[in-house]
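Reading through the structure tokens given below for one structure.
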Amino acid sequence: EGSARCSSSPMAKAAGTELLILHGSQTGTAEALSESLAATASERGVSVRCLSMDEYEVAELPTEPLVVFFASTTGEGEVPDPMRHFWRFLLRKDLPAASLAAMSYATFGLGDSSYPKFNYAAKRLHRRLAMLGATPLGSCGLGDEQDGRGIEEAYAHWEERLWPALAHQLGRELQPARLATACPAPRYTVAQLVSAPRGLASEAEGTAAKGAAAAGPPSARRPWSAAVLRNERLTRDGQPREVRHLELDLCGSGIDYAPGDAVAVQPRNPPAAVDALLYTLGVADPHARLCVTPNSPLWRAWLGAHDTTAHEIFSTRLDVFGVARRPFFALLAHFATDSDEKE
């Protein structure tokens, strides 16, 4: 999914922030929606923080006046991994019934109606917040992956109702979204780096790897490079479904797991397709070393962004071959020269 990561100071409340957006995302879709909402809120004049639930100090929640939650549902109605600690805290029996009385909130869930517990995580979160005294700004939005249009239509209707509610809570009219009237400023600055001698480059890579290991256990933002020790096909040739037995080397990773756990694999876009796209875009040297720097505290560079390449960004960081969402086409319209295409 998209490359931008929204964040500010994860553990400290930003002075003057009007809106907090928290997401619990398993595969990145909820995070992408929260980033989109945060960008639009900022364009409309609302000071905003956007964080993953596992980056936020949940004990600070009673001090937040206005919060929007995005929650995906995994498995049989389970909360996503980044939401687990946050959810356990909200379920504590010693929390006063009015502990969130000062907070108003909105919730949008991402789920799959082919499962019995459709959007269970978001529904339970929405109810639990109300039980703790928080005031809902409306009903819980329910995105359905089984919908022929994906979650887009449900999200668009929910967001349309959200803005008047936010304006009412803030006590003022909000500015129009700049995306509809002008091209927004770039989120990142990309600069080409001067090539370092091989020895220095290797030393820098080693230092970066050690820093990543010290930063915490592997996660979606800090993936672990595991060697495949065994890859054996279990099903017979010609069967429509292929099942394989894989063994991965996790030595030194610090990863703990139990039977039934799932492993997330960081995908790579097809190299030939990436090469063709970079050629079409006119990127002269896809392997030139680049430094990617966020232009706002709302956005955060990923691990390794200080020394990367265009080929690496398009291979591992951008979902350039997925189904584009509506905001992408609204942004693209600013660069269209043909009036029919622009419309």
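Ordering of the structure tokens sets the chain letters (A, B, ...), residue numbers begin anew at 1 in every chain, and ligands are numbered from 1 in the order given.
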Counting only C-alpha atoms, what are the residues of range 255-304 of chain A within 12 Å of range 30-39 of chain A, and for each of them which pair of atoms is the nearest and at what distance in Å, to one decimal? Sort the table by chain and rising number, as CSV.
residue,atom,partner,partner_atom,distance
A:Ser296,CA,A:Ala39,CA,10.6
A:Pro297,CA,A:Ala39,CA,11.6
A:Leu298,CA,A:Ala38,CA,8.0
A:Trp299,CA,A:Glu35,CA,8.6
A:Arg300,CA,A:Glu35,CA,11.0
Based on the selection just made, write C-alpha atoms of those residues as an mmCIF file, in the first residue's frame.
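Now in out.cif:
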data_model
loop_
_atom_site.group_PDB
_atom_site.id
_atom_site.type_symbol
_atom_site.label_atom_id
_atom_site.label_comp_id
_atom_site.auth_asym_id
_atom_site.auth_seq_id
_atom_site.Cartn_x
_atom_site.Cartn_y
_atom_site.Cartn_z
ATOM 1 C CA SER A 296 5.831 17.690 7.717
ATOM 2 C CA PRO A 297 5.763 15.986 11.119
ATOM 3 C CA LEU A 298 2.506 14.411 9.917
ATOM 4 C CA TRP A 299 4.528 12.107 7.667
ATOM 5 C CA ARG A 300 7.342 9.807 8.657
#
Using only C-alpha atoms, find each residue in range 265-289 of chain A having at least one atom no more than 12 Å away from range 218-237 of chain A; report its shortest atom-to-atom pair and that distance in Å (one decimal), rows by chain then rising number, as a Markdown table.
| residue | atom | partner | partner_atom | distance |
| --- | --- | --- | --- | --- |
| A:Val265 | CA | A:Pro223 | CA | 8.6 |
| A:Gln266 | CA | A:Pro223 | CA | 7.5 |
| A:Pro267 | CA | A:Pro223 | CA | 11.1 |
Would you output that residue set with N, CA and C atoms, as a short mmCIF file (atom, residue, chain, number, x, y, z; two decimals), in the first residue's frame?
data_model
loop_
_atom_site.label_atom_id
_atom_site.label_comp_id
_atom_site.auth_asym_id
_atom_site.auth_seq_id
_atom_site.Cartn_x
_atom_site.Cartn_y
_atom_site.Cartn_z
N VAL A 265 4.76 -11.49 5.25
CA VAL A 265 5.89 -11.42 4.33
C VAL A 265 5.82 -10.09 3.59
N GLN A 266 6.93 -9.37 3.57
CA GLN A 266 6.96 -8.10 2.84
C GLN A 266 7.04 -8.39 1.35
N PRO A 267 6.06 -7.96 0.58
CA PRO A 267 6.06 -8.28 -0.86
C PRO A 267 6.99 -7.38 -1.65
#
Could you name the residues that touch Val79 in chain A at 9 Å or less, counting only C-alpha atoms, but leaving out those on the same chain fewer than 4 positions away, as number ranges by chain?
A: 24-26, 71-75, 83-84, 87, 120-122
Contacts between range 158-176 of chain A and range 17-100 of chain A, please, where a residue of range 17-100 of chain A counts if it comes within 10 Å (with only C-alpha atoms); show its shortest atom pair and distance in Å to one decimal, rows by chain and ascending number, as CSV.
residue,atom,partner,partner_atom,distance
A:Glu18,CA,A:Leu170,CA,7.9
A:Leu19,CA,A:Leu166,CA,8.9
A:Leu37,CA,A:Glu159,CA,8.4
A:Thr40,CA,A:Pro176,CA,9.2
A:Ala41,CA,A:Leu174,CA,8.8
A:Ser42,CA,A:Gln175,CA,9.6
A:Glu43,CA,A:Gln175,CA,7.5
A:Arg44,CA,A:Gln175,CA,4.4
A:Gly45,CA,A:Gln175,CA,6.0
A:Val46,CA,A:Leu174,CA,7.7
A:Pro65,CA,A:Gln169,CA,9.2
A:Leu66,CA,A:Gln169,CA,8.0
A:Val67,CA,A:Leu166,CA,9.8
A:Val68,CA,A:Leu162,CA,9.5
Taking the DSSP assignment computed from this structure's backbone, write out as a PyMOL selection string all residues of range 139-342 of chain A that belong to strand (DSSP E).
chain A and resi 141-144+188-192+227-233+244-249+289-294+299-300+308-309
